[in-house]
$ cat query38.cif   # mmCIF, C-alpha atoms
data_run
#
loop_
_atom_site.label_atom_id
_atom_site.label_comp_id
_atom_site.auth_asym_id
_atom_site.auth_seq_id
_atom_site.Cartn_x
_atom_site.Cartn_y
_atom_site.Cartn_z
CA MET A 1 -19.47 17.18 -16.08
CA ASP A 2 -19.50 18.36 -12.48
CA PRO A 3 -16.36 20.46 -11.71
CA ILE A 4 -16.79 19.93 -7.95
CA LEU A 5 -16.86 16.18 -8.45
CA LEU A 6 -13.73 16.38 -10.62
CA LEU A 7 -11.98 18.43 -7.93
CA LYS A 8 -12.91 15.86 -5.29
CA ALA A 9 -11.65 13.08 -7.58
CA ALA A 10 -8.33 14.90 -8.04
CA MET A 11 -7.95 15.35 -4.29
CA MET A 12 -8.71 11.69 -3.68
CA GLY A 13 -6.16 10.75 -6.36
CA VAL A 14 -3.47 12.80 -4.62
CA VAL A 15 -4.31 11.18 -1.28
CA GLU A 16 -4.08 7.72 -2.88
CA GLY A 17 -0.76 8.40 -4.59
CA LEU A 18 0.93 9.96 -1.57
CA THR A 19 -0.18 7.27 0.88
CA GLU A 20 -0.14 4.04 -1.16
CA PHE A 21 3.53 3.23 -0.60
CA LEU A 22 3.99 4.74 2.85
CA PRO A 23 3.21 2.56 5.89
CA ILE A 24 0.22 4.73 6.81
CA SER A 25 -2.64 3.07 4.86
CA SER A 26 -3.93 4.56 1.64
CA THR A 27 -7.32 2.88 2.10
CA GLY A 28 -7.67 4.36 5.57
CA HIS A 29 -6.80 7.82 4.33
CA LEU A 30 -9.19 7.50 1.39
CA ILE A 31 -12.04 6.50 3.70
CA LEU A 32 -11.35 9.44 6.01
CA ALA A 33 -10.79 11.91 3.15
CA GLY A 34 -13.95 10.71 1.45
CA SER A 35 -15.88 11.20 4.66
CA LEU A 36 -14.65 14.79 5.00
CA LEU A 37 -15.31 15.58 1.32
CA GLY A 38 -18.73 13.95 1.27
CA PHE A 39 -17.39 11.45 -1.27
CA THR A 40 -19.01 8.30 0.11
CA GLY A 41 -21.27 5.44 -0.91
CA GLU A 42 -20.88 2.24 -2.91
CA LYS A 43 -19.69 4.00 -6.05
CA ALA A 44 -17.04 5.88 -4.04
CA LYS A 45 -15.73 2.55 -2.69
CA VAL A 46 -15.31 1.29 -6.27
CA PHE A 47 -13.53 4.53 -7.18
CA GLU A 48 -11.12 4.20 -4.24
CA VAL A 49 -10.08 0.71 -5.34
CA ALA A 50 -9.97 1.55 -9.05
CA ILE A 51 -7.61 4.54 -8.77
CA GLN A 52 -5.01 2.36 -7.05
CA THR A 53 -4.19 1.26 -10.60
CA GLY A 54 -2.75 4.73 -11.19
CA ALA A 55 -0.32 4.25 -8.32
CA MET A 56 0.67 0.83 -9.68
CA LEU A 57 1.33 2.29 -13.13
CA ALA A 58 3.74 4.67 -11.40
CA VAL A 59 5.68 1.65 -10.08
CA ILE A 60 5.82 0.14 -13.57
CA TRP A 61 7.07 3.43 -14.98
CA GLU A 62 9.72 4.00 -12.31
CA TYR A 63 10.98 0.40 -12.60
CA ARG A 64 10.29 0.04 -16.32
CA ALA A 65 13.77 -1.37 -16.99
CA ARG A 66 13.17 -4.11 -14.40
CA PHE A 67 9.74 -4.99 -15.75
CA SER A 68 11.07 -4.93 -19.31
CA ARG A 69 13.75 -7.48 -18.36
CA LEU A 70 11.05 -9.56 -16.69
CA VAL A 71 8.89 -9.62 -19.83
CA THR A 72 11.72 -10.24 -22.27
CA GLY A 73 13.62 -12.73 -20.10
CA ILE A 74 10.81 -14.81 -18.64
CA GLY A 75 11.46 -17.60 -21.12
CA TYR A 76 15.19 -18.08 -20.50
CA ASP A 77 16.57 -15.85 -17.70
CA PRO A 78 16.67 -17.65 -14.31
CA VAL A 79 16.67 -14.31 -12.43
CA ALA A 80 13.55 -13.11 -14.27
CA GLN A 81 11.87 -16.48 -13.76
CA ARG A 82 12.62 -16.47 -10.01
CA PHE A 83 11.33 -12.90 -9.70
CA ALA A 84 8.09 -13.79 -11.53
CA ARG A 85 7.68 -16.93 -9.39
CA ASN A 86 8.11 -14.97 -6.16
CA LEU A 87 5.61 -12.33 -7.25
CA ALA A 88 3.06 -15.02 -8.12
CA ILE A 89 3.56 -16.83 -4.80
CA ALA A 90 3.30 -13.63 -2.77
CA PHE A 91 0.23 -12.47 -4.71
CA LEU A 92 -1.78 -15.68 -4.28
CA PRO A 93 -2.73 -15.44 -0.55
CA ALA A 94 -4.18 -11.94 -0.91
CA ALA A 95 -6.10 -12.99 -4.01
CA VAL A 96 -7.67 -15.96 -2.19
CA PHE A 97 -8.46 -14.15 1.06
CA GLY A 98 -9.66 -11.05 -0.78
CA PHE A 99 -12.05 -13.13 -2.88
CA LEU A 100 -13.39 -14.97 0.18
CA PHE A 101 -13.64 -12.12 2.68
CA GLY A 102 -13.41 -8.86 0.72
CA GLY A 103 -17.16 -8.30 0.65
CA TRP A 104 -17.53 -8.84 4.41
CA VAL A 105 -14.63 -6.49 5.14
CA LYS A 106 -16.11 -3.72 2.96
CA GLN A 107 -19.48 -4.06 4.65
CA HIS A 108 -18.29 -4.09 8.26
CA LEU A 109 -14.87 -2.42 8.48
CA PHE A 110 -14.90 0.38 5.89
CA HIS A 111 -15.81 2.93 8.56
CA PRO A 112 -13.73 5.69 10.17
CA VAL A 113 -13.61 4.33 13.73
CA PRO A 114 -12.33 0.81 12.82
CA VAL A 115 -9.84 2.52 10.51
CA ALA A 116 -8.62 4.76 13.35
CA LEU A 117 -8.16 1.74 15.64
CA ALA A 118 -6.17 -0.03 12.91
CA PHE A 119 -4.03 3.10 12.53
CA ILE A 120 -3.10 3.03 16.20
CA VAL A 121 -2.43 -0.71 16.39
CA GLY A 122 -0.33 -0.56 13.23
CA GLY A 123 1.70 2.32 14.63
CA LEU A 124 2.45 0.37 17.80
CA VAL A 125 3.56 -2.63 15.72
CA ILE A 126 5.93 -0.45 13.67
CA LEU A 127 7.48 0.97 16.87
CA TRP A 128 8.03 -2.58 18.17
CA VAL A 129 9.61 -3.78 14.92
CA GLU A 130 11.89 -0.74 14.67
CA ALA A 131 13.04 -1.21 18.28
CA ARG A 132 13.73 -4.86 17.50
CA HIS A 133 15.64 -3.86 14.36
CA ARG A 134 17.81 -1.39 16.28
CA ARG A 135 18.66 -4.00 18.93
CA ARG A 136 19.65 -6.43 16.21
CA PHE A 137 21.64 -4.16 13.89
CA GLY A 138 22.66 -1.28 16.14
CA ALA A 139 21.48 2.31 16.33
CA ARG A 140 23.95 3.55 13.71
CA ASP A 141 23.10 0.95 11.10
CA LEU A 142 19.70 2.16 9.91
CA GLU A 143 19.78 0.15 6.72
CA GLY A 144 21.22 -3.06 8.11
CA ALA A 145 21.48 -4.34 4.53
CA ARG A 146 25.00 -5.76 4.84
CA ARG A 147 23.88 -8.07 7.59
CA ALA A 148 20.33 -8.77 6.44
CA ARG A 149 19.53 -12.28 5.29
CA VAL A 150 17.78 -10.90 2.18
CA GLU A 151 19.83 -7.95 1.00
CA GLU A 152 18.20 -7.55 -2.44
CA VAL A 153 14.88 -8.59 -3.94
CA ASP A 154 16.64 -11.19 -6.10
CA ASP A 155 17.93 -12.94 -2.95
CA MET A 156 14.42 -14.04 -1.97
CA SER A 157 13.36 -17.65 -1.77
CA ALA A 158 9.90 -19.02 -2.54
CA LEU A 159 9.29 -19.38 1.21
CA ASP A 160 10.22 -15.72 1.75
CA ALA A 161 7.67 -14.73 -0.89
CA LEU A 162 4.96 -16.85 0.73
CA LYS A 163 5.60 -15.29 4.14
CA VAL A 164 5.35 -11.75 2.77
CA GLY A 165 2.22 -12.71 0.83
CA LEU A 166 0.55 -14.01 3.98
CA VAL A 167 1.43 -10.85 5.88
CA GLN A 168 -0.03 -8.77 3.05
CA CYS A 169 -3.43 -10.35 3.81
CA LEU A 170 -3.57 -8.25 6.98
CA ALA A 171 -4.08 -5.25 4.71
CA LEU A 172 -7.62 -6.47 4.00
CA ILE A 173 -8.39 -4.65 7.26
CA PRO A 174 -8.67 -0.98 6.23
CA GLY A 175 -6.22 1.21 8.10
CA THR A 176 -3.62 -1.55 8.40
CA SER A 177 -1.65 -0.48 5.30
CA ARG A 178 -0.66 -2.92 2.58
CA SER A 179 2.78 -1.37 2.22
CA GLY A 180 3.21 -1.19 5.98
CA ALA A 181 2.29 -4.86 6.43
CA THR A 182 4.60 -6.07 3.67
CA ILE A 183 7.56 -3.81 4.52
CA ILE A 184 7.48 -4.34 8.27
CA GLY A 185 6.66 -8.02 7.89
CA ALA A 186 9.54 -8.52 5.46
CA MET A 187 11.93 -6.79 7.87
CA VAL A 188 10.85 -9.21 10.61
CA PHE A 189 11.60 -12.07 8.20
CA GLY A 190 15.17 -10.83 7.63
CA PHE A 191 14.89 -8.45 4.67
CA SER A 192 16.93 -5.29 4.45
CA ARG A 193 14.87 -2.11 4.62
CA LYS A 194 15.53 -1.38 0.93
CA ALA A 195 14.65 -4.92 -0.24
CA ALA A 196 11.47 -4.90 1.85
CA THR A 197 10.41 -1.54 0.43
CA GLU A 198 11.11 -2.44 -3.19
CA PHE A 199 9.35 -5.80 -2.98
CA SER A 200 6.34 -4.02 -1.48
CA PHE A 201 6.30 -1.81 -4.60
CA PHE A 202 6.51 -4.78 -6.96
CA LEU A 203 3.95 -6.90 -5.09
CA GLY A 204 1.46 -4.06 -5.21
CA VAL A 205 1.32 -4.20 -9.02
CA PRO A 206 -0.50 -7.54 -9.45
CA THR A 207 -2.34 -7.24 -6.13
CA LEU A 208 -3.91 -3.82 -6.56
CA MET A 209 -4.39 -3.91 -10.33
CA ALA A 210 -6.26 -7.20 -9.95
CA ALA A 211 -8.30 -5.75 -7.06
CA GLY A 212 -9.18 -2.68 -9.13
CA ALA A 213 -10.23 -4.69 -12.18
CA TYR A 214 -12.27 -7.11 -10.05
CA SER A 215 -14.00 -4.30 -8.15
CA VAL A 216 -14.97 -2.43 -11.33
CA TRP A 217 -16.23 -5.63 -12.97
CA LYS A 218 -18.16 -6.78 -9.90
CA GLU A 219 -19.86 -3.40 -9.40
CA ARG A 220 -20.26 -2.57 -13.10
CA ALA A 221 -24.03 -2.16 -12.66
CA LEU A 222 -23.34 0.91 -10.48
CA LEU A 223 -21.20 2.61 -13.12
CA SER A 224 -21.90 4.43 -16.36
CA LEU A 225 -20.00 6.43 -18.98
CA ALA A 226 -20.79 9.55 -16.97
CA ASP A 227 -18.42 8.25 -14.26
CA LEU A 228 -15.47 7.96 -16.64
CA PRO A 229 -14.19 11.59 -16.31
CA HIS A 230 -13.78 11.61 -12.54
CA PHE A 231 -12.39 8.04 -12.51
CA ALA A 232 -9.81 9.15 -15.11
CA VAL A 233 -8.93 12.29 -13.14
CA GLY A 234 -8.43 10.27 -9.95
CA LEU A 235 -6.23 7.76 -11.74
CA VAL A 236 -4.03 10.44 -13.36
CA PHE A 237 -3.51 12.33 -10.10
CA ALA A 238 -2.79 9.05 -8.29
CA PHE A 239 -0.15 8.22 -10.90
CA PHE A 240 1.83 11.45 -10.63
CA SER A 241 1.64 11.78 -6.84
CA ALA A 242 2.63 8.10 -6.41
CA TRP A 243 5.57 8.49 -8.79
CA LEU A 244 6.92 11.40 -6.73
CA CYS A 245 6.38 9.43 -3.52
CA ILE A 246 8.23 6.35 -4.83
CA ARG A 247 11.28 8.37 -5.82
CA TRP A 248 11.35 10.10 -2.44
CA LEU A 249 10.77 6.97 -0.35
CA ILE A 250 13.67 4.99 -1.81
CA ARG A 251 16.03 7.81 -0.87
CA TYR A 252 14.42 8.18 2.54
CA VAL A 253 14.80 4.56 3.64
CA SER A 254 18.54 4.63 2.97
CA THR A 255 19.07 6.94 5.96
CA HIS A 256 15.87 6.81 8.04
CA ASP A 257 13.65 4.31 9.78
CA PHE A 258 9.83 4.22 9.86
CA THR A 259 9.36 5.52 13.41
CA VAL A 260 7.99 8.88 12.25
CA PHE A 261 5.23 7.10 10.34
CA ALA A 262 4.36 5.07 13.44
CA TRP A 263 3.86 8.20 15.54
CA TYR A 264 1.88 9.79 12.71
CA ARG A 265 -0.44 6.78 12.61
CA ILE A 266 -0.97 6.84 16.38
CA ALA A 267 -1.61 10.60 16.49
CA PHE A 268 -3.91 10.59 13.47
CA GLY A 269 -5.88 7.60 14.74
CA ALA A 270 -6.27 9.23 18.16
CA ILE A 271 -7.55 12.45 16.58
CA VAL A 272 -10.19 10.55 14.59
CA LEU A 273 -11.35 8.66 17.70
CA VAL A 274 -11.52 11.81 19.82
CA THR A 275 -13.40 13.81 17.19
CA ALA A 276 -15.80 10.93 16.58
CA TYR A 277 -16.44 10.43 20.30
CA THR A 278 -16.96 14.13 21.03
CA GLY A 279 -18.97 14.77 17.88
CA LEU A 280 -16.58 17.48 16.62
CA VAL A 281 -16.49 15.74 13.23
CA ARG A 282 -19.36 13.76 11.74
CA TRP A 283 -17.46 10.86 10.24
CA SER A 284 -19.47 8.80 7.78
CA ALA A 285 -18.80 5.68 5.73
#
$ encode --input "query38.cif" --output "structure tokens"
Amino acid sequence: MDPILLLKAAMMGVVEGLTEFLPISSTGHLILAGSLLGFTGEKAKVFEVAIQTGAMLAVIWEYRARFSRLVTGIGYDPVAQRFARNLAIAFLPAAVFGFLFGGWVKQHLFHPVPVALAFIVGGLVILWVEARHRRRFGARDLEGARRARVEEVDDMSALDALKVGLVQCLALIPGTSRSGATIIGAMVFGFSRKAATEFSFFLGVPTLMAAGAYSVWKERALLSLADLPHFAVGLVFAFFSAWLCIRWLIRYVSTHDFTVFAWYRIAFGAIVLVTAYTGLVRWSA
């Protein structure tokens, strides 16, 4: 058991957990962190997808009452049935597009420079959406929930779920941010900031757990029992850091917008491009 490898796995787990639910791209950060740590290669790509399951388990734990009602009420409760239907509808586009194009994306776009470009473009999109939101709801009404068309997750229609699911497909491009695409996209479609954020949490559970299971199964020939310790360490650290992030983010969105994350994305992406161009950092896939 290599202690250095376990330390790298723990660091990658923390990066995953802290960035999964913020609109700053966990995949992009994992690629960049892996490059700096020398944690790269095909097996590292499987690890990065697999430990997302830890972050999703944090969602299930934090919203365990909601998921318990879903499981126990799916046979008779119309609210639980509508929630399950919307999750399934929103999950389907990413599953189809991921299956069709996931391999091509990993081969061609899982590199620091494309990630940095996606960071910058995503930041500019967030700034545009936030400016649009302020014009619509007013500078003082950060939440805008009272006047949003979809105030709570349970107010969603099947069409709303499909729209958010289609927007989530943009996250196949590393650096875009799954949570950023779903949250910002949902706000454009008339969701309140809180409803958009919570549905992004919930939608991540089937999406990323399925992606993790599929990636491990597809690349099982690369893995062995010797990989289990650092995969487990990464998953555990992803769980606890994601749980802390979820609890903080729900409080944050009640009084703040996402502008700070947009500027962070732009600045971080610019730094990666400059260091790559000048040779100050040897970024590798």
$ atom_distance --input "query38.cif" --atom1 "CA of Arg247 (chain A)" --atom2 "CA of Ile183 (chain A)"
16.4 Å
$ residues_around --input "query38.cif" --residues "region 34-38 of chain A" --least-positions-apart "6" --cutoff "12 Å" --atoms "only C-alpha atoms" --output "number ranges by chain"
A: 4-5, 7-13, 15-16, 26-28, 44-45, 47-48, 110-113, 272, 276, 281-285
$ closest_atom_pairs --input "query38.cif" --of "region 140-221 of chain A" --to "region 65-79 of chain A" --cutoff "12 Å" --atoms "all atoms listed in the file" --output "CSV"
residue,atom,partner,partner_atom,distance
A:Val153,CA,A:Val79,CA,10.4
A:Asp154,CA,A:Val79,CA,7.1
A:Asp155,CA,A:Val79,CA,9.7
A:Met156,CA,A:Val79,CA,10.7
A:Ser157,CA,A:Val79,CA,11.7
A:Glu198,CA,A:Arg66,CA,11.5
A:Phe202,CA,A:Phe67,CA,9.4
A:Val205,CA,A:Phe67,CA,10.8
$ closest_residue --input "query38.cif" --among "A:Ala195, A:Ala94, A:Ile246, A:Ala262" --to "Val59 (chain A)" --atoms "all atoms listed in the file"
A:Ile246
$ closest_residue --input "query38.cif" --among "A:Gly54, A:Gly185, A:Pro3, A:Gly204" --to "Phe21 (chain A)" --atoms "all atoms listed in the file"
A:Gly204
$ resolve_selection --input "query38.cif" --expression "the PyMOL selection byres ((chain A and resi 194) around 10)" --output "list in words"
Glu143, Gly144, Ala145, Val150, Glu151, Glu152, Val153, Ile183, Met187, Phe191, Ser192, Arg193, Ala195, Ala196, Thr197, Glu198, Phe199, Ser200, Leu249, Ile250, Arg251, Tyr252, Val253 and Ser254 of chain A
$ write_last_selection --input "query38.cif" --atoms "C-alpha atoms" --output "PDB file, in the coordinates of the input"
ATOM      1  CA  GLU A 143      19.780   0.150   6.720  1.00  0.00           C
ATOM      2  CA  GLY A 144      21.220  -3.060   8.110  1.00  0.00           C
ATOM      3  CA  ALA A 145      21.480  -4.340   4.530  1.00  0.00           C
ATOM      4  CA  VAL A 150      17.780 -10.900   2.180  1.00  0.00           C
ATOM      5  CA  GLU A 151      19.830  -7.950   1.000  1.00  0.00           C
ATOM      6  CA  GLU A 152      18.200  -7.550  -2.440  1.00  0.00           C
ATOM      7  CA  VAL A 153      14.880  -8.590  -3.940  1.00  0.00           C
ATOM      8  CA  ILE A 183       7.560  -3.810   4.520  1.00  0.00           C
ATOM      9  CA  MET A 187      11.930  -6.790   7.870  1.00  0.00           C
ATOM     10  CA  PHE A 191      14.890  -8.450   4.670  1.00  0.00           C
ATOM     11  CA  SER A 192      16.930  -5.290   4.450  1.00  0.00           C
ATOM     12  CA  ARG A 193      14.870  -2.110   4.620  1.00  0.00           C
ATOM     13  CA  ALA A 195      14.650  -4.920  -0.240  1.00  0.00           C
ATOM     14  CA  ALA A 196      11.470  -4.900   1.850  1.00  0.00           C
ATOM     15  CA  THR A 197      10.410  -1.540   0.430  1.00  0.00           C
ATOM     16  CA  GLU A 198      11.110  -2.440  -3.190  1.00  0.00           C
ATOM     17  CA  PHE A 199       9.350  -5.800  -2.980  1.00  0.00           C
ATOM     18  CA  SER A 200       6.340  -4.020  -1.480  1.00  0.00           C
ATOM     19  CA  LEU A 249      10.770   6.970  -0.350  1.00  0.00           C
ATOM     20  CA  ILE A 250      13.670   4.990  -1.810  1.00  0.00           C
ATOM     21  CA  ARG A 251      16.030   7.810  -0.870  1.00  0.00           C
ATOM     22  CA  TYR A 252      14.420   8.180   2.540  1.00  0.00           C
ATOM     23  CA  VAL A 253      14.800   4.560   3.640  1.00  0.00           C
ATOM     24  CA  SER A 254      18.540   4.630   2.970  1.00  0.00           C
TER      25      SER A 254
END
$ atom_distance --input "query38.cif" --atom1 "CA of Ile24 (chain A)" --atom2 "CA of Gly123 (chain A)"
8.3 Å
$ residues_around --input "query38.cif" --residues "Val14 (chain A)" --least-positions-apart "5" --cutoff "7 Å" --atoms "only C-alpha atoms" --output "MDAnalysis selection string"
chainID A and resid 237:238 241
$ atom_distance --input "query38.cif" --atom1 "CA of Gly234 (chain A)" --atom2 "CA of Trp248 (chain A)"
21.2 Å
$ closest_residue --input "query38.cif" --among "A:Ala90, A:Met209, A:Leu223, A:Cys245" --to "Cys169 (chain A)" --atoms "only C-alpha atoms"
A:Ala90
$ closest_residue --input "query38.cif" --among "A:Phe239, A:Phe83, A:Phe258, A:Tyr63" --to "Val129 (chain A)" --atoms "only C-alpha atoms"
A:Phe258
$ closest_residue --input "query38.cif" --among "A:Ile126, A:Ile120, A:Ile31, A:Ala84" --to "Thr259 (chain A)" --atoms "all atoms listed in the file"
A:Ile126
$ closest_residue --input "query38.cif" --among "A:Arg136, A:His29, A:Trp128, A:Lys43" --to "Ser224 (chain A)" --atoms "all atoms listed in the file"
A:Lys43
$ residues_around --input "query38.cif" --residues "Leu117 (chain A)" --least-positions-apart "2" --cutoff "8 Å" --atoms "all atoms listed in the file" --output "PyMOL selection string"
chain A and resi 113-115+119-121+175+269+273
$ axis_aligned_box --input "query38.cif" --around "region 239-252 of chain A" --padding-each-side "5 Å" --output "AutoDock Vina command-line options"
--center_x 7.9 --center_y 8.4 --center_z -4.2 --size_x 26.2 --size_y 16.8 --size_z 23.4
$ residues_around --input "query38.cif" --residues "Leu162 (chain A)" --least-positions-apart "2" --cutoff "12 Å" --atoms "only C-alpha atoms" --output "PyMOL selection string"
chain A and resi 85-94+156-160+164-169+182+185-186+189+203
$ residues_around --input "query38.cif" --residues "Pro229 (chain A)" --least-positions-apart "3" --cutoff "10 Å" --atoms "only C-alpha atoms" --output "PDB file with C-alpha atoms, in the coordinates of the input"
ATOM      1  CA  MET A   1     -19.470  17.180 -16.080  1.00  0.00           C
ATOM      2  CA  ASP A   2     -19.500  18.360 -12.480  1.00  0.00           C
ATOM      3  CA  LEU A   5     -16.860  16.180  -8.450  1.00  0.00           C
ATOM      4  CA  LEU A   6     -13.730  16.380 -10.620  1.00  0.00           C
ATOM      5  CA  ALA A   9     -11.650  13.080  -7.580  1.00  0.00           C
ATOM      6  CA  LEU A 225     -20.000   6.430 -18.980  1.00  0.00           C
ATOM      7  CA  ALA A 226     -20.790   9.550 -16.970  1.00  0.00           C
ATOM      8  CA  ALA A 232      -9.810   9.150 -15.110  1.00  0.00           C
ATOM      9  CA  VAL A 233      -8.930  12.290 -13.140  1.00  0.00           C
ATOM     10  CA  GLY A 234      -8.430  10.270  -9.950  1.00  0.00           C
ATOM     11  CA  LEU A 235      -6.230   7.760 -11.740  1.00  0.00           C
TER      12      LEU A 235
END
